[in-house]
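Note: the block below is protein-v9.txt and it holds compact mmCIF, C-alpha atoms and all ligand atoms.
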```
# COMPACT_ATOMS: atom_id res chain seq x y z
CA MET A 1 21.68 27.22 -41.33
CA LEU A 2 19.86 30.29 -40.08
CA LYS A 3 21.25 31.01 -36.64
CA SER A 4 18.71 30.99 -33.82
CA LEU A 5 19.16 32.83 -30.52
CA ASP A 6 22.11 31.37 -28.59
CA TYR A 7 19.96 30.19 -25.73
CA VAL A 8 17.51 28.54 -28.12
CA SER A 9 20.20 26.70 -30.07
CA GLN A 10 21.41 25.17 -26.79
CA ILE A 11 18.04 23.61 -25.89
CA LYS A 12 17.89 19.84 -26.20
CA PRO A 13 14.71 19.16 -28.17
CA TYR A 14 11.95 16.97 -26.78
CA VAL A 15 12.05 13.71 -28.68
CA PRO A 16 8.55 12.46 -29.46
CA GLY A 17 7.93 8.73 -29.80
CA LYS A 18 7.14 7.29 -33.22
CA PRO A 19 3.50 6.57 -34.05
CA ILE A 20 2.68 2.93 -33.28
CA SER A 21 1.70 2.23 -36.90
CA GLU A 22 5.11 3.37 -38.15
CA LEU A 23 6.92 1.33 -35.53
CA GLU A 24 4.96 -1.79 -36.42
CA ARG A 25 5.74 -1.30 -40.07
CA GLU A 26 9.46 -0.94 -39.36
CA LEU A 27 9.65 -3.94 -37.06
CA GLY A 28 7.21 -6.06 -39.05
CA ILE A 29 5.00 -6.67 -36.02
CA THR A 30 1.35 -6.09 -35.08
CA GLY A 31 -0.61 -5.68 -31.85
CA SER A 32 2.00 -3.52 -30.14
CA ILE A 33 1.17 -1.44 -27.08
CA LYS A 34 2.21 1.96 -25.80
CA LEU A 35 2.96 2.30 -22.11
CA ALA A 36 5.03 5.43 -22.54
CA SER A 37 2.97 8.59 -22.04
CA ASN A 38 0.82 7.99 -18.95
CA GLU A 39 -2.47 8.14 -20.82
CA ASN A 40 -5.70 6.53 -19.63
CA PRO A 41 -5.95 3.22 -21.54
CA LEU A 42 -9.77 3.39 -21.28
CA GLY A 43 -9.77 6.73 -23.08
CA PRO A 44 -12.33 9.38 -22.17
CA SER A 45 -15.84 9.09 -20.78
CA LYS A 46 -18.47 7.97 -23.30
CA LYS A 47 -20.33 11.14 -22.41
CA ALA A 48 -17.38 13.22 -23.57
CA LEU A 49 -17.25 11.26 -26.82
CA ARG A 50 -20.97 11.75 -27.35
CA ALA A 51 -20.61 15.51 -26.88
CA ILE A 52 -17.84 15.54 -29.48
CA LYS A 53 -19.94 13.57 -31.98
CA ASN A 54 -22.91 15.86 -31.49
CA PHE A 55 -20.74 18.90 -31.96
CA LEU A 56 -19.24 17.52 -35.16
CA LYS A 57 -22.70 16.95 -36.65
CA ASN A 58 -23.15 20.68 -36.70
CA SER A 59 -20.89 21.97 -39.44
CA SER A 60 -21.56 25.62 -38.71
CA GLU A 61 -20.25 25.14 -35.15
CA VAL A 62 -17.06 23.60 -36.52
CA GLY A 63 -16.63 26.63 -38.75
CA ARG A 64 -16.74 29.04 -35.82
CA TYR A 65 -13.96 30.05 -33.47
CA PRO A 66 -14.12 28.46 -30.03
CA ASP A 67 -15.13 30.39 -26.94
CA GLY A 68 -11.76 32.01 -26.29
CA GLY A 69 -12.57 32.50 -22.62
CA GLY A 70 -13.68 28.89 -22.13
CA TYR A 71 -16.52 30.25 -20.01
CA TYR A 72 -18.56 27.09 -19.43
CA LEU A 73 -15.58 24.87 -18.70
CA LYS A 74 -14.13 27.42 -16.31
CA GLN A 75 -17.50 27.71 -14.62
CA ALA A 76 -17.75 23.91 -14.25
CA LEU A 77 -14.23 23.82 -12.81
CA ALA A 78 -14.91 26.70 -10.43
CA GLU A 79 -17.96 24.90 -9.08
CA ARG A 80 -16.04 21.66 -8.69
CA LEU A 81 -13.05 23.28 -6.99
CA SER A 82 -14.86 25.58 -4.56
CA THR A 83 -15.22 24.36 -0.99
CA SER A 84 -16.69 25.80 2.18
CA LYS A 85 -13.23 27.25 2.91
CA ILE A 86 -12.26 28.61 -0.48
CA LEU A 87 -14.34 30.14 -3.22
CA ILE A 88 -12.93 29.61 -6.70
CA THR A 89 -14.41 31.72 -9.48
CA ILE A 90 -13.73 31.79 -13.19
CA ASP A 91 -11.27 34.62 -12.50
CA ASN A 92 -9.07 32.11 -10.67
CA ILE A 93 -8.84 29.77 -13.65
CA ILE A 94 -6.95 29.77 -16.93
CA LEU A 95 -7.27 27.10 -19.61
CA GLY A 96 -4.36 25.83 -21.66
CA ASN A 97 -3.70 23.75 -24.73
CA GLY A 98 -2.64 21.06 -22.27
CA SER A 99 -1.14 22.14 -18.96
CA ASN A 100 2.08 22.16 -20.94
CA GLU A 101 1.09 25.42 -22.57
CA LEU A 102 0.45 26.98 -19.17
CA ILE A 103 4.01 26.15 -18.07
CA ASP A 104 5.27 28.08 -21.08
CA LEU A 105 2.88 30.99 -20.57
CA ALA A 106 3.72 31.35 -16.88
CA VAL A 107 7.44 31.35 -17.67
CA ARG A 108 7.00 33.95 -20.40
CA THR A 109 4.91 36.10 -18.06
CA TYR A 110 7.35 36.12 -15.16
CA MET A 111 10.84 35.39 -16.49
CA SER A 112 13.32 36.92 -18.86
CA HIS A 113 17.00 36.82 -19.71
CA GLY A 114 19.22 36.20 -16.70
CA ASP A 115 16.47 35.09 -14.31
CA GLU A 116 16.47 31.71 -12.59
CA ALA A 117 13.90 29.01 -11.92
CA ILE A 118 14.46 26.14 -9.52
CA MET A 119 13.25 22.65 -10.30
CA ALA A 120 14.03 19.04 -9.47
CA ASN A 121 16.00 16.60 -11.58
CA PRO A 122 14.71 14.26 -12.83
CA SER A 123 11.33 15.89 -13.15
CA PHE A 124 9.06 16.93 -16.01
CA VAL A 125 11.49 18.01 -18.76
CA VAL A 126 9.24 20.78 -20.06
CA TYR A 127 10.04 23.06 -17.08
CA SER A 128 13.68 23.47 -18.02
CA MET A 129 12.87 23.73 -21.73
CA ALA A 130 10.39 26.55 -21.07
CA VAL A 131 12.82 28.38 -18.81
CA LYS A 132 15.69 28.10 -21.27
CA SER A 133 13.46 29.27 -24.12
CA VAL A 134 13.33 32.76 -22.61
CA GLY A 135 17.06 32.92 -21.90
CA SER A 136 16.64 32.18 -18.20
CA LYS A 137 18.57 29.63 -16.21
CA ALA A 138 17.15 26.32 -15.00
CA ILE A 139 18.62 25.43 -11.60
CA GLU A 140 18.15 21.70 -11.29
CA VAL A 141 18.29 20.10 -7.86
CA PRO A 142 18.75 16.30 -7.66
CA LEU A 143 15.95 14.33 -6.02
CA ILE A 144 16.38 12.93 -2.56
CA ASP A 145 14.88 9.47 -1.99
CA TYR A 146 13.31 9.84 -5.43
CA LYS A 147 11.34 12.95 -4.45
CA HIS A 148 11.89 16.71 -4.51
CA ASP A 149 14.58 17.84 -2.10
CA LEU A 150 12.63 20.89 -0.99
CA LYS A 151 15.25 21.92 1.56
CA LYS A 152 18.01 21.97 -1.08
CA MET A 153 15.69 23.77 -3.46
CA LEU A 154 15.22 26.50 -0.84
CA ASP A 155 19.00 26.76 -0.46
CA MET A 156 19.25 27.54 -4.17
CA VAL A 157 16.99 30.62 -3.96
CA THR A 158 18.77 33.84 -4.97
CA ASP A 159 17.72 37.36 -5.96
CA LYS A 160 17.35 36.04 -9.49
CA THR A 161 14.85 33.30 -8.60
CA LYS A 162 11.46 33.99 -10.15
CA ILE A 163 9.77 30.58 -10.18
CA VAL A 164 10.05 27.29 -8.30
CA PHE A 165 8.53 24.26 -10.00
CA ILE A 166 7.24 21.37 -7.93
CA ALA A 167 5.77 18.35 -9.69
CA ASN A 168 3.64 16.68 -7.09
CA PRO A 169 3.42 13.77 -7.78
CA ASN A 170 6.71 13.85 -9.62
CA ASN A 171 7.17 12.55 -13.13
CA PRO A 172 9.09 10.21 -13.69
CA THR A 173 9.36 8.85 -10.13
CA GLY A 174 5.66 8.89 -9.15
CA THR A 175 6.50 10.13 -5.64
CA ILE A 176 4.89 12.89 -3.60
CA ASN A 177 6.15 15.52 -1.21
CA THR A 178 4.07 15.50 1.94
CA LYS A 179 1.87 18.17 3.50
CA GLU A 180 4.46 18.81 6.16
CA GLU A 181 7.37 19.07 3.70
CA PHE A 182 5.40 21.46 1.56
CA ARG A 183 4.25 23.53 4.52
CA SER A 184 7.76 24.01 5.79
CA PHE A 185 8.99 24.85 2.28
CA MET A 186 6.29 27.49 1.78
CA LYS A 187 6.99 28.99 5.20
CA LYS A 188 10.59 29.72 4.24
CA LEU A 189 10.16 30.64 0.58
CA PRO A 190 10.15 34.41 -0.09
CA MET A 191 6.61 35.60 -0.84
CA ASP A 192 7.53 37.22 -4.17
CA ILE A 193 8.56 33.96 -5.83
CA LEU A 194 5.94 32.16 -7.88
CA VAL A 195 5.48 28.52 -6.92
CA ILE A 196 4.14 26.37 -9.74
CA VAL A 197 2.78 23.13 -8.35
CA ASP A 198 2.14 20.70 -11.16
CA GLU A 199 -0.62 18.33 -10.08
CA ALA A 200 -1.09 16.53 -13.41
CA TYR A 201 -1.58 13.21 -11.60
CA ILE A 202 -3.61 14.42 -8.60
CA GLU A 203 -6.57 12.16 -9.35
CA TYR A 204 -4.44 9.06 -8.75
CA VAL A 205 -3.02 10.14 -5.39
CA GLU A 206 -4.12 8.00 -2.45
CA SER A 207 -1.78 9.22 0.27
CA LYS A 208 -3.38 11.04 3.18
CA ASP A 209 -0.17 13.10 3.43
CA TYR A 210 -0.73 14.83 0.11
CA PRO A 211 -0.79 18.63 0.48
CA ASN A 212 -3.91 20.66 -0.23
CA THR A 213 -2.30 23.43 -2.28
CA MET A 214 -5.57 25.34 -2.63
CA LYS A 215 -5.13 26.29 1.01
CA TYR A 216 -2.04 28.34 0.09
CA LEU A 217 -4.03 30.12 -2.57
CA ALA A 218 -6.59 31.04 0.08
CA ASP A 219 -3.71 32.30 2.26
CA GLY A 220 -2.73 34.76 -0.47
CA ARG A 221 0.44 33.03 -1.62
CA ASN A 222 1.74 33.39 -5.17
CA ILE A 223 0.99 29.89 -6.29
CA LEU A 224 -0.12 28.51 -9.63
CA ILE A 225 -1.62 25.02 -9.49
CA LEU A 226 -1.61 23.12 -12.76
CA ARG A 227 -3.92 20.24 -13.60
CA THR A 228 -4.88 18.42 -16.76
CA PHE A 229 -7.54 16.41 -18.56
CA SER A 230 -4.80 14.40 -20.33
CA LYS A 231 -4.26 11.74 -17.71
CA ALA A 232 -7.11 10.35 -15.58
CA TYR A 233 -9.76 11.99 -17.80
CA GLY A 234 -8.36 10.40 -20.96
CA LEU A 235 -8.37 13.51 -23.17
CA ALA A 236 -4.63 13.78 -23.97
CA GLY A 237 -5.25 13.98 -27.72
CA LEU A 238 -7.49 17.02 -27.42
CA ARG A 239 -5.02 19.05 -25.34
CA ILE A 240 -6.77 20.64 -22.42
CA GLY A 241 -5.36 21.59 -19.04
CA TYR A 242 -5.99 24.33 -16.51
CA GLY A 243 -4.27 26.53 -13.99
CA ILE A 244 -5.69 27.79 -10.69
CA SER A 245 -4.28 30.89 -9.06
CA ASN A 246 -5.15 34.28 -7.64
CA ALA A 247 -6.99 36.59 -10.04
CA ASP A 248 -3.96 38.88 -10.49
CA ILE A 249 -1.68 36.11 -11.69
CA ILE A 250 -4.40 34.76 -13.98
CA THR A 251 -4.91 38.26 -15.44
CA GLU A 252 -1.21 38.67 -16.14
CA ILE A 253 -0.80 35.27 -17.80
CA ASN A 254 -3.93 35.89 -19.86
CA LYS A 255 -2.28 38.95 -21.39
CA ILE A 256 0.07 36.77 -23.42
CA ARG A 257 -2.28 33.85 -24.01
CA GLU A 258 -3.26 33.30 -27.60
CA PRO A 259 -6.97 34.32 -27.74
CA PHE A 260 -8.23 30.93 -28.97
CA ASN A 261 -5.71 28.61 -27.36
CA THR A 262 -8.17 25.85 -26.45
CA ASN A 263 -10.46 24.43 -29.10
CA SER A 264 -14.20 23.78 -28.98
CA LEU A 265 -13.91 19.99 -28.84
CA SER A 266 -11.52 20.06 -25.91
CA GLN A 267 -13.75 22.44 -23.98
CA ILE A 268 -17.02 20.55 -24.44
CA SER A 269 -15.46 17.15 -23.84
CA ALA A 270 -13.73 18.34 -20.67
CA ILE A 271 -17.05 19.58 -19.28
CA GLU A 272 -18.62 16.16 -19.87
CA ALA A 273 -15.54 14.30 -18.60
CA LEU A 274 -15.71 16.26 -15.37
CA LYS A 275 -19.34 15.22 -14.83
CA ASP A 276 -18.72 11.51 -15.39
CA LYS A 277 -17.56 10.42 -11.96
CA VAL A 278 -18.30 6.77 -12.72
CA HIS A 279 -15.79 6.70 -15.56
CA LEU A 280 -13.16 8.40 -13.44
CA LYS A 281 -13.69 5.89 -10.65
CA LYS A 282 -13.41 3.01 -13.09
CA SER A 283 -10.20 4.48 -14.52
CA LEU A 284 -8.63 4.85 -11.08
CA LYS A 285 -9.65 1.32 -10.11
CA LEU A 286 -8.00 -0.05 -13.23
CA VAL A 287 -4.76 1.72 -12.35
CA ASN A 288 -4.81 0.54 -8.74
CA GLU A 289 -5.39 -3.06 -9.77
CA GLY A 290 -2.72 -2.76 -12.46
CA LYS A 291 -0.22 -1.33 -10.02
CA ALA A 292 -0.89 -4.11 -7.51
CA TYR A 293 -0.30 -6.71 -10.23
CA LEU A 294 2.87 -5.04 -11.57
CA TYR A 295 4.33 -4.57 -8.06
CA GLU A 296 3.74 -8.21 -7.26
CA GLU A 297 5.30 -9.47 -10.49
CA LEU A 298 8.28 -7.11 -10.28
CA HIS A 299 8.79 -8.17 -6.68
CA LYS A 300 8.78 -11.84 -7.72
CA MET A 301 11.47 -11.04 -10.29
CA ASN A 302 13.48 -9.17 -7.67
CA VAL A 303 13.24 -5.95 -9.67
CA ARG A 304 13.33 -2.67 -7.75
CA TYR A 305 10.63 -0.06 -8.32
CA ILE A 306 9.40 3.05 -6.54
CA PRO A 307 5.85 2.78 -5.16
CA SER A 308 3.82 5.26 -7.18
CA GLU A 309 1.02 7.76 -6.45
CA THR A 310 0.37 7.98 -10.19
CA ASN A 311 -0.55 5.80 -13.17
CA PHE A 312 3.07 4.93 -13.97
CA ILE A 313 5.90 3.07 -12.28
CA TYR A 314 9.57 4.03 -12.10
CA ILE A 315 11.62 0.86 -12.42
CA LEU A 316 15.27 0.61 -11.41
CA LEU A 317 17.28 -1.74 -13.60
CA GLU A 318 20.64 -3.38 -13.15
CA SER A 319 21.80 -2.38 -16.63
CA SER A 320 21.19 -0.03 -19.55
CA SER A 321 17.65 1.31 -19.86
CA MET A 322 18.16 1.81 -23.61
CA GLU A 323 18.82 -1.87 -24.01
CA TYR A 324 15.56 -2.70 -22.23
CA TYR A 325 13.79 -0.10 -24.32
CA GLU A 326 15.04 -1.65 -27.57
CA ARG A 327 14.33 -5.20 -26.45
CA LEU A 328 10.82 -4.34 -25.31
CA LEU A 329 10.24 -2.51 -28.57
CA LYS A 330 10.99 -5.68 -30.48
CA GLU A 331 8.31 -7.38 -28.37
CA GLY A 332 5.89 -4.63 -29.42
CA ILE A 333 5.97 -2.72 -26.14
CA ILE A 334 6.83 0.97 -25.98
CA ILE A 335 8.01 2.25 -22.60
CA ARG A 336 10.08 5.31 -21.70
CA PRO A 337 13.74 5.17 -20.72
CA VAL A 338 14.09 8.03 -18.21
CA GLY A 339 17.63 7.57 -16.92
CA PRO A 340 20.72 5.46 -17.63
CA LYS A 341 19.28 2.51 -15.71
CA GLU A 342 15.71 3.63 -15.15
CA ILE A 343 12.54 3.17 -17.13
CA ARG A 344 9.03 4.52 -16.68
CA VAL A 345 6.13 2.25 -17.48
CA THR A 346 2.53 3.45 -17.71
CA VAL A 347 -0.05 1.19 -16.10
CA GLY A 348 -2.17 -0.13 -18.95
CA LEU A 349 -5.10 -2.47 -19.41
CA LYS A 350 -4.84 -5.83 -17.62
CA GLU A 351 -3.72 -7.61 -20.78
CA GLU A 352 -1.19 -4.87 -21.56
CA ASN A 353 0.35 -5.14 -18.10
CA GLU A 354 0.56 -8.90 -18.54
CA LYS A 355 2.18 -8.52 -21.94
CA PHE A 356 4.76 -6.16 -20.42
CA ILE A 357 5.54 -8.51 -17.53
CA HIS A 358 5.84 -11.46 -19.85
CA ALA A 359 8.32 -9.64 -22.12
CA PHE A 360 10.21 -8.14 -19.19
CA TYR A 361 10.58 -11.60 -17.65
CA LYS A 362 11.93 -12.94 -20.92
CA ILE A 363 14.49 -10.14 -21.19
CA ILE A 364 15.69 -10.45 -17.60
CA HIS A 365 15.97 -14.19 -17.97
CA ASN A 366 18.08 -13.90 -21.09
CA LYS A 367 20.31 -11.19 -19.67
CA GLY A 368 20.94 -12.96 -16.38
CA ASP A 369 20.16 -9.70 -14.52
CA ASN A 370 18.73 -9.67 -10.99
C1 LIG A 401 4.14 16.27 -14.57
C2 LIG A 401 3.45 16.60 -15.85
N1 LIG A 401 2.99 17.84 -16.03
C3 LIG A 401 2.38 18.20 -17.16
C4 LIG A 401 2.19 17.29 -18.17
C5 LIG A 401 1.57 17.80 -19.44
O1 LIG A 401 0.29 17.43 -19.55
P1 LIG A 401 -0.66 18.09 -20.66
O2 LIG A 401 -1.04 16.97 -21.55
O3 LIG A 401 -1.80 18.65 -19.88
O4 LIG A 401 0.08 19.14 -21.38
C6 LIG A 401 2.64 16.00 -18.05
C7 LIG A 401 2.49 15.05 -19.16
O5 LIG A 401 3.20 14.10 -19.32
C8 LIG A 401 3.29 15.64 -16.85
O6 LIG A 401 3.76 14.41 -16.67
```
Write-out of the structure in structure tokens:
Amino acid sequence: MLKSLDYVSQIKPYVPGKPISELERELGITGSIKLASNENPLGPSKKALRAIKNFLKNSSEVGRYPDGGGYYLKQALAERLSTSKILITIDNIILGNGSNELIDLAVRTYMSHGDEAIMANPSFVVYSMAVKSVGSKAIEVPLIDYKHDLKKMLDMVTDKTKIVFIANPNNPTGTINTKEEFRSFMKKLPMDILVIVDEAYIEYVESKDYPNTMKYLADGRNILILRTFSKAYGLAGLRIGYGISNADIITEINKIREPFNTNSLSQISAIEALKDKVHLKKSLKLVNEGKAYLYEELHKMNVRYIPSETNFIYILLESSSMEYYERLLKEGIIIRPVGPKEIRVTVGLKEENEKFIHAFYKIIHNKGDN
């Protein structure tokens, strides 16, 4: 085998789930459901789909490179994000092939061999993968009460620290760090460290204690806020996310961005998705109703879960998560095992949630758990 760089060979690869069709073929089942990747089960706005169809009718457009700068989408975002207190311009925004790409780009811009980044564990696995991919060290700090232990994370800061990652809300636990926790963290964090706040699930947050990170941008802090169209906006398949930061940071990250990193379809559909507030509202309502139902049913079964500010629920089991994963799979339900005894379940359509509860009940009953 051709030897890769030492620090690359040590990375544990991300394991993607199998396509549903393949799974059904293997198990000899039909009608299975995927509650594993926190997508919007309603998909995108019809307006976004219409824009895609119209675009595809024009073959010469398909044959052309996309707008590498993503001008119109950035302009739409800048308008949406600006408030009376903070003016966001297109110079404050960078688009990514999913927010995932922006994690990688930010790491490659600011980190190299021997540097350190601080992050929580468990949190979004891509942070540590990105950091390790440039030969830097991922310092992982265990969660406290299922959320980021910001005090401990501060304790881990050294001269080598270049980036601190905060997923707020956190994946896989669905928890948030509050305004006050974040404020006190930022007060003590050295100014020259980049804080990447990953707000992939911001649209779902209901808590009044959720921090307004844009305020820190206005205060001149080195902060990169990441958001995405993959979750509440239902565009995961087209890969489009964005970062908001000060113009200097955006300029630096842009230097290593591939010139045409976001495609035409993702850009036009994101613009339309952003406009369709009715669809967003409907999507959030579905999740809130789904969560209420799932909480109630889990409670009835005496199963512990962490109340979530997102579109997924972190469930604490009494026994092996892999066993639950396999058993649910046989019932045609794909969820994500995220710890030895923990699973993450995406809130789906009403009938999908019911199917999950039904299967879960059956498994628990047979196992004699809880
Ligand atoms: C916390 C978090 N950040 C980022 C992402 C990546 O989203 P995108 O599809 O925009 O790359 C995800 C997706 O699962 C996520 O959970």
- prompt: What does the distance between atom CA of A:Pro44 and atom CA of A:Pro19 come to in Å, to one decimal place?
  reply: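 Between these atoms lies a distance of 20.0 Å.
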Sort by chain and increasing residue number a table of all residues of stretch 39-99 of chain A within 10 Å of stretch 285-293 of chain A, each with its closest pair of atoms and their distance in Å to one decimal, counting all atoms listed in the file, and write it as JSON lines.
```
{"residue": "A:Asn40", "atom": "CA", "partner": "A:Val287", "partner_atom": "CA", "distance": 8.8}
{"residue": "A:Pro41", "atom": "CA", "partner": "A:Leu286", "partner_atom": "CA", "distance": 9.2}
{"residue": "A:Leu42", "atom": "CA", "partner": "A:Leu286", "partner_atom": "CA", "distance": 8.9}
```
Preceding selection exported with C-alpha atoms as an mmCIF file, in the coordinates of the input:
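Output file out.cif is given in full below:
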```
data_model
loop_
_atom_site.group_PDB
_atom_site.id
_atom_site.type_symbol
_atom_site.label_atom_id
_atom_site.label_comp_id
_atom_site.auth_asym_id
_atom_site.auth_seq_id
_atom_site.Cartn_x
_atom_site.Cartn_y
_atom_site.Cartn_z
ATOM 1 C CA ASN A 40 -5.700 6.530 -19.630
ATOM 2 C CA PRO A 41 -5.950 3.220 -21.540
ATOM 3 C CA LEU A 42 -9.770 3.390 -21.280
#
```
field: Spatial neighbours of stretch 206-217 of chain A, max dist 6 Å, all atoms listed in the file, sep filter under 2 positions, as a PyMOL selection string
entry: chain A and resi 178-179+219-221
Expected file: the selected residues, C-alpha atoms, as a tab-separated table (two decimals), in the frame of the given file:
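So the final result, stored in part_29.tsv, reads:
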```
chain	number	residue	atom	x	y	z
A	178	THR	CA	4.07	15.50	1.94
A	179	LYS	CA	1.87	18.17	3.50
A	219	ASP	CA	-3.71	32.30	2.26
A	220	GLY	CA	-2.73	34.76	-0.47
A	221	ARG	CA	0.44	33.03	-1.62
```
- prompt: Please, which residues have at least one atom within 9 Å of an atom of ligand LIG 401 (chain A), using all atoms listed in the file, listed as JSON, numbers by chain?
  reply: {"A": [37, 38, 39, 96, 97, 98, 99, 100, 101, 102, 103, 123, 124, 125, 126, 127, 166, 167, 168, 169, 170, 171, 172, 198, 199, 200, 201, 226, 227, 228, 229, 230, 231, 235, 236, 237, 238, 239, 240, 241, 242]}
Mind writing the picked residues with C-alpha atoms as a PDB file, keeping the file's coordinate frame?
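In the end it all went to selection_29.pdb:
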```pdb
ATOM      1  CA  SER A  37       2.970   8.590 -22.040  1.00  0.00           C
ATOM      2  CA  ASN A  38       0.820   7.990 -18.950  1.00  0.00           C
ATOM      3  CA  GLU A  39      -2.470   8.140 -20.820  1.00  0.00           C
ATOM      4  CA  GLY A  96      -4.360  25.830 -21.660  1.00  0.00           C
ATOM      5  CA  ASN A  97      -3.700  23.750 -24.730  1.00  0.00           C
ATOM      6  CA  GLY A  98      -2.640  21.060 -22.270  1.00  0.00           C
ATOM      7  CA  SER A  99      -1.140  22.140 -18.960  1.00  0.00           C
ATOM      8  CA  ASN A 100       2.080  22.160 -20.940  1.00  0.00           C
ATOM      9  CA  GLU A 101       1.090  25.420 -22.570  1.00  0.00           C
ATOM     10  CA  LEU A 102       0.450  26.980 -19.170  1.00  0.00           C
ATOM     11  CA  ILE A 103       4.010  26.150 -18.070  1.00  0.00           C
ATOM     12  CA  SER A 123      11.330  15.890 -13.150  1.00  0.00           C
ATOM     13  CA  PHE A 124       9.060  16.930 -16.010  1.00  0.00           C
ATOM     14  CA  VAL A 125      11.490  18.010 -18.760  1.00  0.00           C
ATOM     15  CA  VAL A 126       9.240  20.780 -20.060  1.00  0.00           C
ATOM     16  CA  TYR A 127      10.040  23.060 -17.080  1.00  0.00           C
ATOM     17  CA  ILE A 166       7.240  21.370  -7.930  1.00  0.00           C
ATOM     18  CA  ALA A 167       5.770  18.350  -9.690  1.00  0.00           C
ATOM     19  CA  ASN A 168       3.640  16.680  -7.090  1.00  0.00           C
ATOM     20  CA  PRO A 169       3.420  13.770  -7.780  1.00  0.00           C
ATOM     21  CA  ASN A 170       6.710  13.850  -9.620  1.00  0.00           C
ATOM     22  CA  ASN A 171       7.170  12.550 -13.130  1.00  0.00           C
ATOM     23  CA  PRO A 172       9.090  10.210 -13.690  1.00  0.00           C
ATOM     24  CA  ASP A 198       2.140  20.700 -11.160  1.00  0.00           C
ATOM     25  CA  GLU A 199      -0.620  18.330 -10.080  1.00  0.00           C
ATOM     26  CA  ALA A 200      -1.090  16.530 -13.410  1.00  0.00           C
ATOM     27  CA  TYR A 201      -1.580  13.210 -11.600  1.00  0.00           C
ATOM     28  CA  LEU A 226      -1.610  23.120 -12.760  1.00  0.00           C
ATOM     29  CA  ARG A 227      -3.920  20.240 -13.600  1.00  0.00           C
ATOM     30  CA  THR A 228      -4.880  18.420 -16.760  1.00  0.00           C
ATOM     31  CA  PHE A 229      -7.540  16.410 -18.560  1.00  0.00           C
ATOM     32  CA  SER A 230      -4.800  14.400 -20.330  1.00  0.00           C
ATOM     33  CA  LYS A 231      -4.260  11.740 -17.710  1.00  0.00           C
ATOM     34  CA  LEU A 235      -8.370  13.510 -23.170  1.00  0.00           C
ATOM     35  CA  ALA A 236      -4.630  13.780 -23.970  1.00  0.00           C
ATOM     36  CA  GLY A 237      -5.250  13.980 -27.720  1.00  0.00           C
ATOM     37  CA  LEU A 238      -7.490  17.020 -27.420  1.00  0.00           C
ATOM     38  CA  ARG A 239      -5.020  19.050 -25.340  1.00  0.00           C
ATOM     39  CA  ILE A 240      -6.770  20.640 -22.420  1.00  0.00           C
ATOM     40  CA  GLY A 241      -5.360  21.590 -19.040  1.00  0.00           C
ATOM     41  CA  TYR A 242      -5.990  24.330 -16.510  1.00  0.00           C
TER      42      TYR A 242
END
```
- request: Considering all atoms listed in the file, return as a ChimeraX atom specification whatever protein or nucleic-acid residues lie within 6 Å of stretch 327-335 of chain A, sequence-local ones (same chain, fewer than 4 positions apart) excluded.
  value: /A:32-36,345
How big is the axis-aligned box, and where does its centre sit, when it encloses all atoms of stretch 76-85 of chain A listed in the file and has 6 Å added on every side, reported in Å to one decimal as AutoDock Vina command-line options?
```
--center_x -15.5 --center_y 24.5 --center_z -5.7 --size_x 16.9 --size_y 17.6 --size_z 29.2
```
message: Residues within 9 Å of stretch 55-63 of chain A, please, as a ChimeraX atom specification. Count only C-alpha atoms; anything in the same chain fewer than 2 positions from it doesn't count.
response: /A:50-53,65-66,264-265,268
task: Could you jot down the atom CA of A:Gly135 to atom CA of A:His113 separation for me, Å, one decimal place?
output: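 Value for the atom CA of A:Gly135-atom CA of A:His113 distance: 4.5 Å.
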- request: Find the residues around stretch 299-302 of chain A up to 8 Å (all atoms listed in the file counted), leave out those fewer than 2 positions away in its own chain, and share them as a ChimeraX atom specification.
  value: /A:295-297,304,361,370
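Nearest residue to A:Asn246 among A:Asp67, A:Asp91, A:Glu140, A:Asp145 is A:Asp91, counting only C-alpha atoms.
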- prompt: Of the residues A:Ile90, A:Val338, A:Ala130, A:Val15, which is the one nearest to A:Leu77, using all atoms listed in the file?
  reply: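 Distance minimum relative to A:Leu77 lands on A:Ile90.
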query: Near A:Ala247, counting all atoms listed in the file, which residues have an atom at most 12 Å away, once you skip same-chain residues fewer than 5 positions from it, shown as a list in words?
result: Leu87, Ile88, Thr89, Ile90, Asp91, Asn92, Ile93, Ile94, Leu217, Ala218, Gly220, Arg221, Asn222, Ile223, Leu224, Glu252, Ile253 and Asn254 of chain A
